[in-house]
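**Q** start.cif is reproduced below (mmCIF, C-alpha atoms).
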data_input
#
loop_
_atom_site.label_atom_id
_atom_site.label_comp_id
_atom_site.auth_asym_id
_atom_site.auth_seq_id
_atom_site.Cartn_x
_atom_site.Cartn_y
_atom_site.Cartn_z
CA MET A 5 170.29 94.88 25.92
CA SER A 6 170.05 95.71 22.23
CA THR A 7 166.79 95.94 20.33
CA PRO A 8 166.02 92.54 18.78
CA GLU A 9 165.59 91.93 15.08
CA ARG A 10 162.33 90.29 14.12
CA ASP A 11 162.45 86.57 13.35
CA ASP A 12 159.10 84.97 12.50
CA THR A 13 160.74 81.54 12.38
CA ASN A 14 162.04 81.69 15.94
CA THR A 15 163.45 78.33 16.95
CA GLY A 16 163.86 79.11 20.63
CA THR A 17 167.56 79.89 20.35
CA GLU A 18 167.11 83.55 19.39
CA ARG A 19 165.64 86.37 21.44
CA PRO A 20 161.81 86.13 21.27
CA TRP A 21 160.11 89.07 19.61
CA PRO A 22 158.33 91.23 22.19
CA ASP A 23 154.66 92.12 21.92
CA VAL A 24 153.91 94.60 19.14
CA PRO A 25 153.27 98.01 20.80
CA VAL A 26 150.11 98.60 18.70
CA ARG A 27 148.65 95.35 20.01
CA LYS A 28 149.53 96.30 23.57
CA LEU A 29 147.95 99.71 23.11
CA ALA A 30 144.79 98.06 21.84
CA GLN A 31 144.64 95.99 25.03
CA THR A 32 144.69 99.02 27.33
CA GLY A 33 140.97 99.68 26.88
CA PRO A 34 139.81 96.17 27.79
CA ARG A 35 142.30 95.97 30.67
CA THR A 36 141.06 99.28 32.08
CA ALA A 37 137.45 98.18 31.65
CA GLY A 38 138.21 94.95 33.48
CA PHE A 39 139.76 96.86 36.35
CA MET A 40 136.78 99.20 36.60
CA ALA A 41 134.38 96.23 36.61
CA ARG A 42 136.31 94.68 39.47
CA SER A 43 136.23 98.02 41.31
CA LEU A 44 132.44 98.21 40.92
CA ARG A 45 132.04 94.65 42.17
CA ARG A 46 134.30 95.39 45.15
CA ALA A 47 131.89 98.12 46.22
CA MET A 48 128.98 95.68 46.38
CA PRO A 49 127.92 94.62 49.90
CA PHE A 50 128.17 90.91 49.02
CA ASP A 51 131.79 91.14 47.87
CA ARG A 52 134.56 89.94 50.17
CA PRO A 53 137.70 91.75 49.06
CA ARG A 54 141.07 90.10 49.54
CA PHE A 55 142.41 93.26 51.19
CA PRO A 56 139.52 94.78 53.17
CA ASP A 57 141.83 97.47 54.62
CA ILE A 58 142.18 99.04 51.16
CA PRO A 59 139.23 101.44 50.88
CA THR A 60 136.85 101.40 47.94
CA ARG A 61 136.67 104.70 46.07
CA PRO A 62 133.81 105.67 43.74
CA THR A 63 134.45 104.65 40.13
CA THR A 64 134.51 108.19 38.81
CA PRO A 65 135.67 109.36 35.35
CA ALA A 66 138.85 110.65 37.02
CA LEU A 67 139.57 107.19 38.43
CA LEU A 68 138.96 105.67 35.00
CA LEU A 69 141.31 108.14 33.30
CA GLY A 70 144.00 107.50 35.92
CA ALA A 71 143.83 103.74 35.45
CA LEU A 72 143.92 104.21 31.66
CA ALA A 73 147.00 106.45 31.98
CA ASP A 74 148.79 103.71 33.91
CA GLU A 75 147.84 101.09 31.33
CA LEU A 76 149.01 103.33 28.47
CA LEU A 77 152.34 103.89 30.20
CA LEU A 78 152.79 100.16 30.75
CA ALA A 79 151.93 99.52 27.09
CA THR A 80 154.35 102.08 25.68
CA MET A 81 157.29 101.29 27.95
CA SER A 82 159.85 99.25 26.03
CA ASN A 83 159.92 95.70 27.32
CA ASP A 84 162.90 94.26 25.42
CA ARG A 85 164.76 94.33 28.74
CA LEU A 86 162.27 91.67 29.89
CA VAL A 87 162.76 89.48 26.80
CA PRO A 88 166.18 87.83 27.09
CA SER A 89 167.54 85.50 24.43
CA GLU A 90 167.90 81.79 25.13
CA HIS A 91 171.63 82.30 25.69
CA GLU A 92 170.95 85.10 28.19
CA LEU A 93 168.34 83.00 29.99
CA ARG A 94 170.86 80.20 30.49
CA ARG A 95 173.36 82.70 31.91
CA ILE A 96 170.78 84.32 34.17
CA ALA A 97 169.63 80.95 35.51
CA ALA A 98 173.20 79.82 36.23
CA GLU A 99 174.13 83.15 37.87
CA THR A 100 170.98 83.17 39.98
CA ARG A 101 171.63 79.66 41.32
CA ALA A 102 175.25 80.54 42.06
CA ALA A 103 174.18 83.77 43.83
CA VAL A 104 171.64 81.93 45.99
CA ASP A 105 174.39 79.49 46.99
CA VAL A 106 176.54 82.45 48.12
CA ILE A 107 173.62 83.97 50.02
CA ARG A 108 172.88 80.67 51.76
CA ARG A 109 176.54 80.05 52.62
CA HIS A 110 176.79 83.40 54.41
CA GLY A 111 173.49 82.99 56.24
CA TRP A 112 171.94 86.04 54.54
CA LEU A 113 168.59 84.35 53.97
CA GLU A 114 168.21 84.38 57.76
CA ASP A 115 169.91 87.76 58.35
CA PRO A 116 170.16 89.87 55.17
CA THR A 117 171.64 92.85 57.07
CA GLY A 118 175.04 91.16 56.77
CA TYR A 119 174.88 91.64 53.01
CA HIS A 120 175.17 95.42 53.41
CA ILE A 121 178.12 97.44 54.72
CA ALA A 122 177.68 100.90 56.25
CA PRO A 123 179.64 103.27 53.98
CA PRO A 124 181.74 106.22 55.15
CA ALA A 125 181.04 109.79 54.12
CA PRO A 126 182.72 110.59 50.79
CA PRO A 127 186.18 112.05 51.51
CA GLN A 128 186.06 114.34 48.49
CA VAL A 129 183.10 115.80 46.59
CA GLU A 130 182.61 118.26 43.76
CA LEU A 131 179.82 120.82 43.68
CA GLU A 132 178.88 122.56 40.43
CA ARG A 133 176.36 125.41 40.47
CA LYS A 134 173.55 124.84 37.96
CA ARG A 135 170.04 126.00 37.13
CA PHE A 136 166.84 124.29 36.03
CA GLY A 137 164.27 126.89 35.06
CA ARG A 138 163.74 129.08 38.13
CA ILE A 139 165.52 126.60 40.41
CA ARG A 140 169.17 127.07 41.32
CA TYR A 141 170.91 124.00 42.67
CA ASP A 142 174.31 122.35 43.06
CA GLU A 143 175.14 119.10 41.32
CA LEU A 144 177.06 116.99 43.82
CA THR A 145 179.38 114.28 42.48
CA PHE A 146 181.78 111.86 44.11
CA ASP A 147 183.23 108.41 43.51
CA SER A 148 180.60 105.92 44.61
CA GLY A 149 183.14 103.46 45.99
CA PHE A 150 180.55 100.70 45.82
CA GLU A 151 181.87 97.19 45.33
CA PRO A 152 179.61 94.17 44.76
CA VAL A 153 179.81 91.49 47.43
CA PRO A 154 182.77 89.15 46.78
CA ASP A 155 181.86 85.86 45.05
CA MET A 156 178.53 87.23 43.78
CA PRO A 157 178.10 86.65 40.03
CA GLY A 158 177.76 89.61 37.70
CA ALA A 159 180.22 91.76 39.64
CA ASP A 160 182.57 92.39 36.70
CA ARG A 161 179.66 93.25 34.43
CA TRP A 162 178.38 95.72 37.01
CA ARG A 163 181.79 97.36 37.50
CA ALA A 164 182.17 97.78 33.72
CA MET A 165 179.39 100.39 33.64
CA GLU A 166 181.74 103.37 33.89
CA ALA A 167 179.23 106.20 34.27
CA ASN A 168 177.59 104.37 37.16
CA ARG A 169 180.76 104.50 39.25
CA VAL A 170 180.19 108.21 39.95
CA THR A 171 177.40 109.22 42.34
CA HIS A 172 175.35 112.28 41.37
CA ALA A 173 172.89 114.25 43.48
CA TYR A 174 171.00 117.52 43.02
CA VAL A 175 171.30 119.70 46.13
CA MET A 176 169.49 122.84 47.34
CA ARG A 177 171.20 124.30 50.43
CA HIS A 178 170.70 127.44 52.44
CA ARG A 179 173.74 129.66 52.49
CA GLY A 180 175.31 130.71 55.77
CA ALA A 181 173.47 128.62 58.36
CA THR A 182 174.51 124.98 58.51
CA ASP A 183 172.24 123.43 61.16
CA ARG A 184 169.03 122.54 59.32
CA PRO A 185 166.86 119.50 58.66
CA TRP A 186 167.53 117.72 55.37
CA LEU A 187 164.98 116.19 53.04
CA VAL A 188 166.08 113.31 50.80
CA HIS A 189 163.92 112.78 47.70
CA LEU A 190 164.32 109.45 45.87
CA HIS A 191 163.02 109.36 42.30
CA GLY A 192 161.15 106.68 40.41
CA PHE A 193 162.19 104.46 37.52
CA SER A 194 163.47 106.30 34.41
CA MET A 195 163.82 109.59 36.31
CA GLY A 196 167.00 110.94 37.96
CA VAL A 197 167.27 114.23 36.08
CA PRO A 198 167.12 117.89 37.23
CA SER A 199 163.40 118.14 36.39
CA ASP A 200 162.86 115.92 39.46
CA LEU A 201 163.39 119.09 41.50
CA GLU A 202 160.18 120.47 40.01
CA ALA A 203 158.28 117.18 40.16
CA PHE A 204 158.96 116.81 43.90
CA HIS A 205 158.13 120.48 44.67
CA SER A 206 161.60 120.83 46.19
CA LEU A 207 161.67 124.62 45.88
CA HIS A 208 158.68 124.80 48.22
CA TYR A 209 160.36 122.64 50.88
CA HIS A 210 163.62 124.54 50.51
CA ARG A 211 162.40 128.14 50.27
CA ASP A 212 159.12 128.07 52.22
CA LEU A 213 159.80 125.40 54.88
CA GLY A 214 163.54 125.89 55.36
CA PHE A 215 164.83 122.44 54.44
CA ASN A 216 168.06 121.59 52.75
CA VAL A 217 167.04 119.20 49.97
CA ILE A 218 169.04 116.50 48.20
CA HIS A 219 168.03 114.30 45.26
CA PRO A 220 170.45 111.35 44.91
CA VAL A 221 170.43 109.80 41.44
CA LEU A 222 169.85 106.05 41.64
CA PRO A 223 172.22 103.66 39.80
CA LEU A 224 171.95 103.56 36.00
CA HIS A 225 169.65 106.58 35.93
CA GLY A 226 170.09 110.12 34.61
CA PRO A 227 173.78 110.95 34.08
CA ARG A 228 174.66 107.44 35.34
CA ARG A 229 172.72 105.60 32.64
CA ALA A 230 174.30 102.68 30.82
CA GLY A 231 171.97 102.68 27.80
CA LYS A 232 170.02 105.16 25.73
CA ARG A 233 167.32 105.54 28.37
CA SER A 234 167.49 106.33 32.05
CA GLY A 235 167.11 103.07 33.96
CA ASP A 236 168.15 100.71 31.17
CA ALA A 237 169.64 97.47 32.58
CA PHE A 238 168.07 98.10 36.01
CA ILE A 239 165.02 96.16 37.21
CA THR A 240 165.11 93.44 34.58
CA LEU A 241 165.17 89.65 34.39
CA ASP A 242 168.95 90.00 34.76
CA PHE A 243 168.46 89.41 38.49
CA LEU A 244 172.03 90.13 39.57
CA ASN A 245 171.74 93.62 38.07
CA ASN A 246 168.69 94.11 40.31
CA VAL A 247 170.58 92.92 43.38
CA HIS A 248 173.77 94.91 42.71
CA GLY A 249 171.68 97.93 41.71
CA MET A 250 169.59 98.03 44.88
CA ALA A 251 172.63 97.37 47.06
CA GLN A 252 174.44 100.27 45.40
CA ALA A 253 171.33 102.47 45.65
CA VAL A 254 171.23 102.24 49.45
CA TRP A 255 175.05 102.54 49.61
CA ASP A 256 175.02 105.76 47.58
CA VAL A 257 172.07 107.27 49.45
CA ARG A 258 173.70 106.45 52.79
CA ARG A 259 176.87 108.23 51.63
CA CYS A 260 174.79 111.26 50.65
CA ILE A 261 173.17 111.21 54.10
CA ALA A 262 176.58 110.92 55.77
CA TRP A 263 177.72 113.97 53.78
CA ALA A 264 174.58 115.89 54.82
CA ARG A 265 175.18 115.01 58.46
CA SER A 266 178.75 116.25 58.19
CA HIS A 267 177.25 119.56 57.02
CA GLY A 268 174.99 120.14 60.01
CA ALA A 269 171.90 118.03 59.30
CA THR A 270 169.76 118.20 62.43
CA SER A 271 167.37 115.57 61.07
CA VAL A 272 167.08 113.54 57.87
CA VAL A 273 163.70 112.71 56.34
CA VAL A 274 163.52 110.36 53.34
CA HIS A 275 160.72 110.47 50.76
CA GLY A 276 160.69 108.05 47.84
CA VAL A 277 158.30 107.45 44.94
CA SER A 278 157.84 104.08 43.20
CA LEU A 279 161.37 102.68 42.75
CA GLY A 280 162.49 105.45 45.11
CA ALA A 281 159.91 104.23 47.65
CA TYR A 282 161.37 100.74 47.39
CA THR A 283 164.81 102.24 48.04
CA ALA A 284 163.50 104.35 50.95
CA ALA A 285 161.84 101.32 52.54
CA LEU A 286 165.02 99.26 52.18
CA LEU A 287 167.10 102.15 53.51
CA SER A 288 164.85 102.45 56.58
CA GLY A 289 165.92 98.95 57.62
CA LEU A 290 169.62 99.72 57.34
CA GLU A 291 170.27 103.39 58.17
CA PRO A 292 169.86 104.29 61.87
CA GLY A 293 168.73 107.69 63.05
CA LEU A 294 166.37 108.71 60.24
CA GLY A 295 163.83 111.29 61.33
CA GLY A 296 161.09 109.88 59.10
CA VAL A 297 160.42 107.81 56.00
CA ILE A 298 157.67 108.30 53.40
CA ALA A 299 157.01 105.60 50.80
CA GLY A 300 154.89 106.73 47.86
CA VAL A 301 153.18 104.27 45.47
CA PRO A 302 155.73 101.67 46.57
CA SER A 303 156.84 98.41 45.07
CA VAL A 304 158.26 96.08 47.70
CA ASP A 305 158.90 92.77 45.91
CA LEU A 306 161.07 92.67 42.79
CA ALA A 307 160.36 88.98 42.16
CA TRP A 308 156.64 89.81 42.07
CA VAL A 309 157.31 92.72 39.69
CA MET A 310 159.16 90.39 37.31
CA ARG A 311 156.35 87.83 37.39
CA GLN A 312 153.76 90.50 36.62
CA HIS A 313 155.50 92.22 33.75
CA VAL A 314 157.25 89.52 31.73
CA PRO A 315 155.63 89.69 28.27
CA GLU A 316 153.42 86.71 27.43
CA LYS A 317 155.51 85.74 24.40
CA ALA A 318 158.61 85.47 26.58
CA ARG A 319 157.00 83.60 29.47
CA PRO A 320 157.29 80.01 28.13
CA ALA A 321 161.05 80.38 27.60
CA VAL A 322 161.48 82.10 30.97
CA ASP A 323 159.41 79.47 32.77
CA ALA A 324 161.43 76.69 31.16
CA HIS A 325 164.50 77.95 33.06
CA GLY A 326 162.65 78.14 36.38
CA ILE A 327 163.88 81.61 37.31
CA LEU A 328 160.53 83.17 38.24
CA GLY A 329 159.85 80.78 41.11
CA GLU A 330 161.59 80.36 44.46
CA LEU A 331 164.96 81.31 42.99
CA ALA A 332 163.68 84.81 42.23
CA ASP A 333 162.45 85.24 45.81
CA GLN A 334 165.69 83.99 47.31
CA VAL A 335 168.11 86.04 45.22
CA HIS A 336 166.15 89.26 45.84
CA HIS A 337 165.76 88.57 49.57
CA VAL A 338 168.93 90.48 50.49
CA VAL A 339 167.51 93.66 48.92
CA SER A 340 163.86 93.23 49.90
CA PRO A 341 162.33 95.87 52.21
CA LEU A 342 160.12 93.14 53.65
CA ALA A 343 163.20 91.28 54.93
CA PHE A 344 164.31 94.15 57.19
CA GLU A 345 162.85 95.58 60.37
CA CYS A 346 162.17 99.29 59.96
CA LEU A 347 164.45 101.34 62.24
CA VAL A 348 162.33 104.51 62.04
CA PRO A 349 159.89 105.09 64.94
CA GLU A 350 156.41 103.89 64.01
CA ASP A 351 154.84 107.36 64.28
CA ARG A 352 157.29 108.63 61.64
CA ARG A 353 156.57 106.00 59.01
CA PHE A 354 154.20 107.09 56.23
CA ILE A 355 152.80 105.47 53.09
CA TYR A 356 150.59 106.75 50.30
CA ALA A 357 149.14 104.68 47.49
CA GLY A 358 146.53 104.90 44.76
CA VAL A 359 143.52 102.60 44.85
CA ALA A 360 143.63 102.54 41.01
CA ASP A 361 147.39 101.90 40.72
CA ARG A 362 147.88 99.56 37.75
CA MET A 363 151.69 99.49 37.99
CA ALA A 364 152.85 98.93 41.57
CA LYS A 365 149.33 97.74 42.59
CA PRO A 366 147.68 98.66 45.93
CA GLU A 367 148.57 95.22 47.33
CA ALA A 368 152.24 96.21 47.44
CA ALA A 369 151.53 99.23 49.63
CA HIS A 370 149.30 97.07 51.83
CA ARG A 371 152.12 94.56 52.33
CA LEU A 372 154.50 97.33 53.36
CA TRP A 373 151.81 98.82 55.65
CA GLU A 374 151.46 95.48 57.43
CA HIS A 375 155.23 94.98 57.62
CA TRP A 376 155.64 98.45 59.15
CA ASP A 377 153.03 97.70 61.84
CA GLU A 378 150.21 99.64 60.17
CA PRO A 379 151.49 103.23 60.27
CA SER A 380 149.76 106.30 58.85
CA ILE A 381 148.65 105.67 55.25
CA CYS A 382 146.87 107.76 52.62
CA TRP A 383 144.76 105.84 50.10
CA TYR A 384 144.06 108.41 47.41
CA GLY A 385 141.54 107.98 44.63
CA GLY A 386 143.98 107.77 41.74
CA SER A 387 146.51 105.76 39.80
CA HIS A 388 150.28 105.27 39.95
CA VAL A 389 151.11 108.31 37.82
CA GLY A 390 148.23 110.24 39.37
CA PHE A 391 150.03 110.90 42.65
CA ALA A 392 151.75 113.89 41.07
CA LEU A 393 148.40 115.61 40.50
CA SER A 394 146.75 114.66 43.78
CA ARG A 395 146.21 117.49 46.27
CA GLU A 396 145.42 114.83 48.85
CA VAL A 397 148.88 113.31 48.39
CA ARG A 398 150.60 116.67 48.46
CA ARG A 399 148.93 117.57 51.77
CA PHE A 400 149.76 114.16 53.24
CA VAL A 401 153.42 114.37 52.21
CA GLY A 402 153.77 117.92 53.52
CA ASP A 403 152.24 116.98 56.86
CA ALA A 404 154.41 113.85 57.08
CA ILE A 405 157.60 115.78 56.38
CA THR A 406 156.94 118.48 58.96
CA ALA A 407 155.76 115.90 61.53
CA SER A 408 159.03 114.02 61.05
CA VAL A 409 161.17 116.96 62.19
CA ALA A 410 158.98 118.49 64.94
CA PRO A 411 159.28 119.12 67.80
CA GLN A 412 162.84 117.87 68.28
CA HIS A 413 164.22 119.56 65.16
CA PRO A 414 161.97 122.48 64.19
CA VAL A 415 162.14 123.73 60.64
CA MET A 416 163.76 127.15 60.35
#
Show me the file's structure as structure tokens.
**A**
Amino acid sequence: MSTPERDDTNTGTERPWPDVPVRKLAQTGPRTAGFMARSLRRAMPFDRPRFPDIPTRPTTPALLLGALADELLLATMSNDRLVPSEHELRRIAAETRAAVDVIRRHGWLEDPTGYHIAPPAPPQVELERKRFGRIRYDELTFDSGFEPVPDMPGADRWRAMEANRVTHAYVMRHRGATDRPWLVHLHGFSMGVPSDLEAFHSLHYHRDLGFNVIHPVLPLHGPRRAGKRSGDAFITLDFLNNVHGMAQAVWDVRRCIAWARSHGATSVVVHGVSLGAYTAALLSGLEPGLGGVIAGVPSVDLAWVMRQHVPEKARPAVDAHGILGELADQVHHVVSPLAFECLVPEDRRFIYAGVADRMAKPEAAHRLWEHWDEPSICWYGGSHVGFALSREVRRFVGDAITASVAPQHPVM
């Protein structure tokens, strides 16, 4: 989507002007204060929290700063992708209704597994040796081969994104020996670049713990982007982009896993953060034989995400087309982690989430925890972006990864 031109005499036929960033920044203080007040109230003995399984952490300055960081990030993220024009809203509404008809006709509301096809390993790949700082890695590329489901709207628009038709992944492999466990790291929204290797501490898992590590780049991110920014046109009110994007995400990751297995993977552990956690959770309901799955600060419901983050100025026009109600739930059902039974053994499912998360919200992690039959979960005292600085999270993830490969597939 292009950046809109301002029109103070908007008649409803042009793209509404999104909230002024300065105004949004000014709201971060009151929003953070409101959250902290609710946190203090939740700690009172007379309060009956909606989710009593989510622990109450002390409202420390660190918790306050973490919540403020989340609010600042939300305020500064461009939201023009959530402010469609009237013409775009009419198209989105028509496409969404047509897509739901296709989903109903095939019975995918009852059994969404039929929407996804197990892909083969890529027959031909290219590996280019590269370096990011002190980290040497190979950039793996191959033709994605993903095709949107026949009859689903938006397929031609999705295919037209040329860069997205090539799958990219950043790989760290041990030379010589082939039989090793593999660790799959799935990045969050707007990531998908080589610096992810540093952010996920991949050198530690590769060099110190003996894993082969692979970072698949999710659709429309990093070198696959379709706009100026990584992630543009993905996770928007253009619902069919969300559906095609998540379907391709699990397709591409499954092809990367098939390639790893063809190169001696003794076990495959998947760890995702935010959007990557959503992908990991969806993958765990489709890909058999995973050694473990770790979902960090997860979102699990794209319809809910859209309802939460549509700017207030755009909401009347969006509501007038009825696309945030049941239609949103139905069209996203085929790519919802909550619609699939997790195939990973319960003792190898792991979740971590921040009690001060202002982006994905703790409720999302709680929903996944319940859906996964209440596996091991780490509630850390921080925000969405704060996971990267949390020693508690780092210990939990390290323990979860090693527990997922032992004793059947010991790390070398």
**Q** May I ask for the distance between atom CA of A:Pro315 and atom CA of A:Val87, given in Å to one decimal place?
**A** 7.3 Å
**Q** Translate the PyMOL selection byres ((chain A and resi 326) around 12) into a concrete residue list for this structure, as a PDB file with C-alpha atoms, in the coordinates of the input.
**A**
ATOM      1  CA  LEU A  93     168.340  83.000  29.990  1.00  0.00           C
ATOM      2  CA  ARG A  94     170.860  80.200  30.490  1.00  0.00           C
ATOM      3  CA  ILE A  96     170.780  84.320  34.170  1.00  0.00           C
ATOM      4  CA  ALA A  97     169.630  80.950  35.510  1.00  0.00           C
ATOM      5  CA  ALA A  98     173.200  79.820  36.230  1.00  0.00           C
ATOM      6  CA  THR A 100     170.980  83.170  39.980  1.00  0.00           C
ATOM      7  CA  ARG A 101     171.630  79.660  41.320  1.00  0.00           C
ATOM      8  CA  LEU A 241     165.170  89.650  34.390  1.00  0.00           C
ATOM      9  CA  ARG A 311     156.350  87.830  37.390  1.00  0.00           C
ATOM     10  CA  ARG A 319     157.000  83.600  29.470  1.00  0.00           C
ATOM     11  CA  PRO A 320     157.290  80.010  28.130  1.00  0.00           C
ATOM     12  CA  ALA A 321     161.050  80.380  27.600  1.00  0.00           C
ATOM     13  CA  VAL A 322     161.480  82.100  30.970  1.00  0.00           C
ATOM     14  CA  ASP A 323     159.410  79.470  32.770  1.00  0.00           C
ATOM     15  CA  ALA A 324     161.430  76.690  31.160  1.00  0.00           C
ATOM     16  CA  HIS A 325     164.500  77.950  33.060  1.00  0.00           C
ATOM     17  CA  ILE A 327     163.880  81.610  37.310  1.00  0.00           C
ATOM     18  CA  LEU A 328     160.530  83.170  38.240  1.00  0.00           C
ATOM     19  CA  GLY A 329     159.850  80.780  41.110  1.00  0.00           C
ATOM     20  CA  GLU A 330     161.590  80.360  44.460  1.00  0.00           C
ATOM     21  CA  LEU A 331     164.960  81.310  42.990  1.00  0.00           C
ATOM     22  CA  ALA A 332     163.680  84.810  42.230  1.00  0.00           C
ATOM     23  CA  ASP A 333     162.450  85.240  45.810  1.00  0.00           C
TER      24      ASP A 333
END
**Q** Point out the residue among A:Trp255, A:Phe354, A:Phe391, A:Trp383 with the least atom-to-atom distance to A:Val339, counting only C-alpha atoms.
**A**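 Looking at the shortest contact to A:Val339, the residue is A:Trp255.
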**Q** I'd like the neighbourhood of A:Ile121 as a PyMOL selection string, where a residue qualifies if any of its atoms comes within 10 Å (using all atoms listed in the file), though same-chain residues fewer than 3 positions away should be ignored.
**A** chain A and resi 117-118+124+150+153+251+254-255+290
**Q** Output the selection as a compact mmCIF listing (two decimals), in the coordinates of the input - C-alpha atoms for each residue.
**A**
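That gives us part.txt:
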# COMPACT_ATOMS: atom_id res chain seq x y z
CA THR A 117 171.64 92.85 57.07
CA GLY A 118 175.04 91.16 56.77
CA PRO A 124 181.74 106.22 55.15
CA PHE A 150 180.55 100.70 45.82
CA VAL A 153 179.81 91.49 47.43
CA ALA A 251 172.63 97.37 47.06
CA VAL A 254 171.23 102.24 49.45
CA TRP A 255 175.05 102.54 49.61
CA LEU A 290 169.62 99.72 57.34
**Q** Taking only C-alpha atoms into account, which of A:Gly137, A:Gly280, A:Pro379, A:Gly249 comes nearest A:Arg163?
**A**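 For A:Arg163, the nearest of the given residues is A:Gly249.
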**Q** Give me, please, the distance in Å between atom CA of A:Arg108 and atom CA of A:Val247, quoted to one decimal.
**A** 15.0 Å
**Q** Output, as JSON, the centre and edge lengths in Å (one decimal) of the axis-aligned box that contains all listed atoms of stretch 132-144 of chain A with 5 Å of margin on each side.
**A**
{"center_x": 171.3, "center_y": 123.0, "center_z": 39.4, "size_x": 25.1, "size_y": 22.1, "size_z": 18.8}
**Q** Please measure the separation of atom CA of A:Thr283 and atom CA of A:Val309, giving the value in Å to one decimal.
**A**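 Taking atom CA of A:Thr283 and atom CA of A:Val309, their separation equals 14.7 Å.
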**Q** Compile the contact shell of A:Ser394 as a list in words: residues with an atom at most 12 Å away, counting all atoms listed in the file, same-chain residues fewer than 2 positions apart removed.
**A**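 So, after excluding close chain neighbours, the residues are Ala66, Leu67, Gly70, Tyr356, Ala357, Gly358, Cys382, Trp383, Tyr384, Gly385, Gly386, Ser387, His388, Val389, Gly390, Phe391, Ala392, Glu396, Val397, Arg398, Arg399, Phe400 and Val401 of chain A.
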**Q** I want to know what sits within 6 Å of stretch 157-159 of chain A, based on only C-alpha atoms, with residues of the same chain fewer than 3 positions away left out; could you give that as a list of chain:residue names?
**A** A:Glu99, A:Pro152, A:Trp162
**Q** Let me make sure I understand: among A:Val175, A:Arg184, A:Phe243, A:Asn168, which one has the smallest atom-to-atom distance to A:Leu222 if we use all atoms listed in the file?
**A**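 Nearest candidate to A:Leu222 out of A:Val175, A:Arg184, A:Phe243, A:Asn168: A:Asn168.
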**Q** Taking the file as shown, what set of residues would the PyMOL selection byres ((chain A and resi 235) around 10) give back, as a VMD selection string?
**A** chain A and resid 192 to 196 222 to 226 228 to 234 236 to 240
**Q** Using only C-alpha atoms, which protein or nucleic acid residues come within 12 Å of A:Pro126? Drop anything in the same chain fewer than 3 positions from it, and give the result as a list in words.
**A**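 Counting only the stated atoms, we get Pro123, Val129, Glu130, Leu144, Thr145, Phe146, Asp147, Ser148, Gly149, Phe150, Val170, Thr171, Trp255, Asp256, Val257, Arg258, Arg259, Cys260, Ile261, Ala262, Trp263, Ala264, Arg265 and Ser266 of chain A.
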**Q** Mind writing the picked residues with C-alpha atoms as a PDB file, keeping the file's coordinate frame?
**A**
ATOM      1  CA  PRO A 123     179.640 103.270  53.980  1.00  0.00           C
ATOM      2  CA  VAL A 129     183.100 115.800  46.590  1.00  0.00           C
ATOM      3  CA  GLU A 130     182.610 118.260  43.760  1.00  0.00           C
ATOM      4  CA  LEU A 144     177.060 116.990  43.820  1.00  0.00           C
ATOM      5  CA  THR A 145     179.380 114.280  42.480  1.00  0.00           C
ATOM      6  CA  PHE A 146     181.780 111.860  44.110  1.00  0.00           C
ATOM      7  CA  ASP A 147     183.230 108.410  43.510  1.00  0.00           C
ATOM      8  CA  SER A 148     180.600 105.920  44.610  1.00  0.00           C
ATOM      9  CA  GLY A 149     183.140 103.460  45.990  1.00  0.00           C
ATOM     10  CA  PHE A 150     180.550 100.700  45.820  1.00  0.00           C
ATOM     11  CA  VAL A 170     180.190 108.210  39.950  1.00  0.00           C
ATOM     12  CA  THR A 171     177.400 109.220  42.340  1.00  0.00           C
ATOM     13  CA  TRP A 255     175.050 102.540  49.610  1.00  0.00           C
ATOM     14  CA  ASP A 256     175.020 105.760  47.580  1.00  0.00           C
ATOM     15  CA  VAL A 257     172.070 107.270  49.450  1.00  0.00           C
ATOM     16  CA  ARG A 258     173.700 106.450  52.790  1.00  0.00           C
ATOM     17  CA  ARG A 259     176.870 108.230  51.630  1.00  0.00           C
ATOM     18  CA  CYS A 260     174.790 111.260  50.650  1.00  0.00           C
ATOM     19  CA  ILE A 261     173.170 111.210  54.100  1.00  0.00           C
ATOM     20  CA  ALA A 262     176.580 110.920  55.770  1.00  0.00           C
ATOM     21  CA  TRP A 263     177.720 113.970  53.780  1.00  0.00           C
ATOM     22  CA  ALA A 264     174.580 115.890  54.820  1.00  0.00           C
ATOM     23  CA  ARG A 265     175.180 115.010  58.460  1.00  0.00           C
ATOM     24  CA  SER A 266     178.750 116.250  58.190  1.00  0.00           C
TER      25      SER A 266
END
**Q** For the PyMOL selection byres ((chain A and resi 116) around 10), applied here, can you spell out every residue it catches as a ChimeraX atom specification?
**A** /A:107,110-115,117-120,337-340,343-344
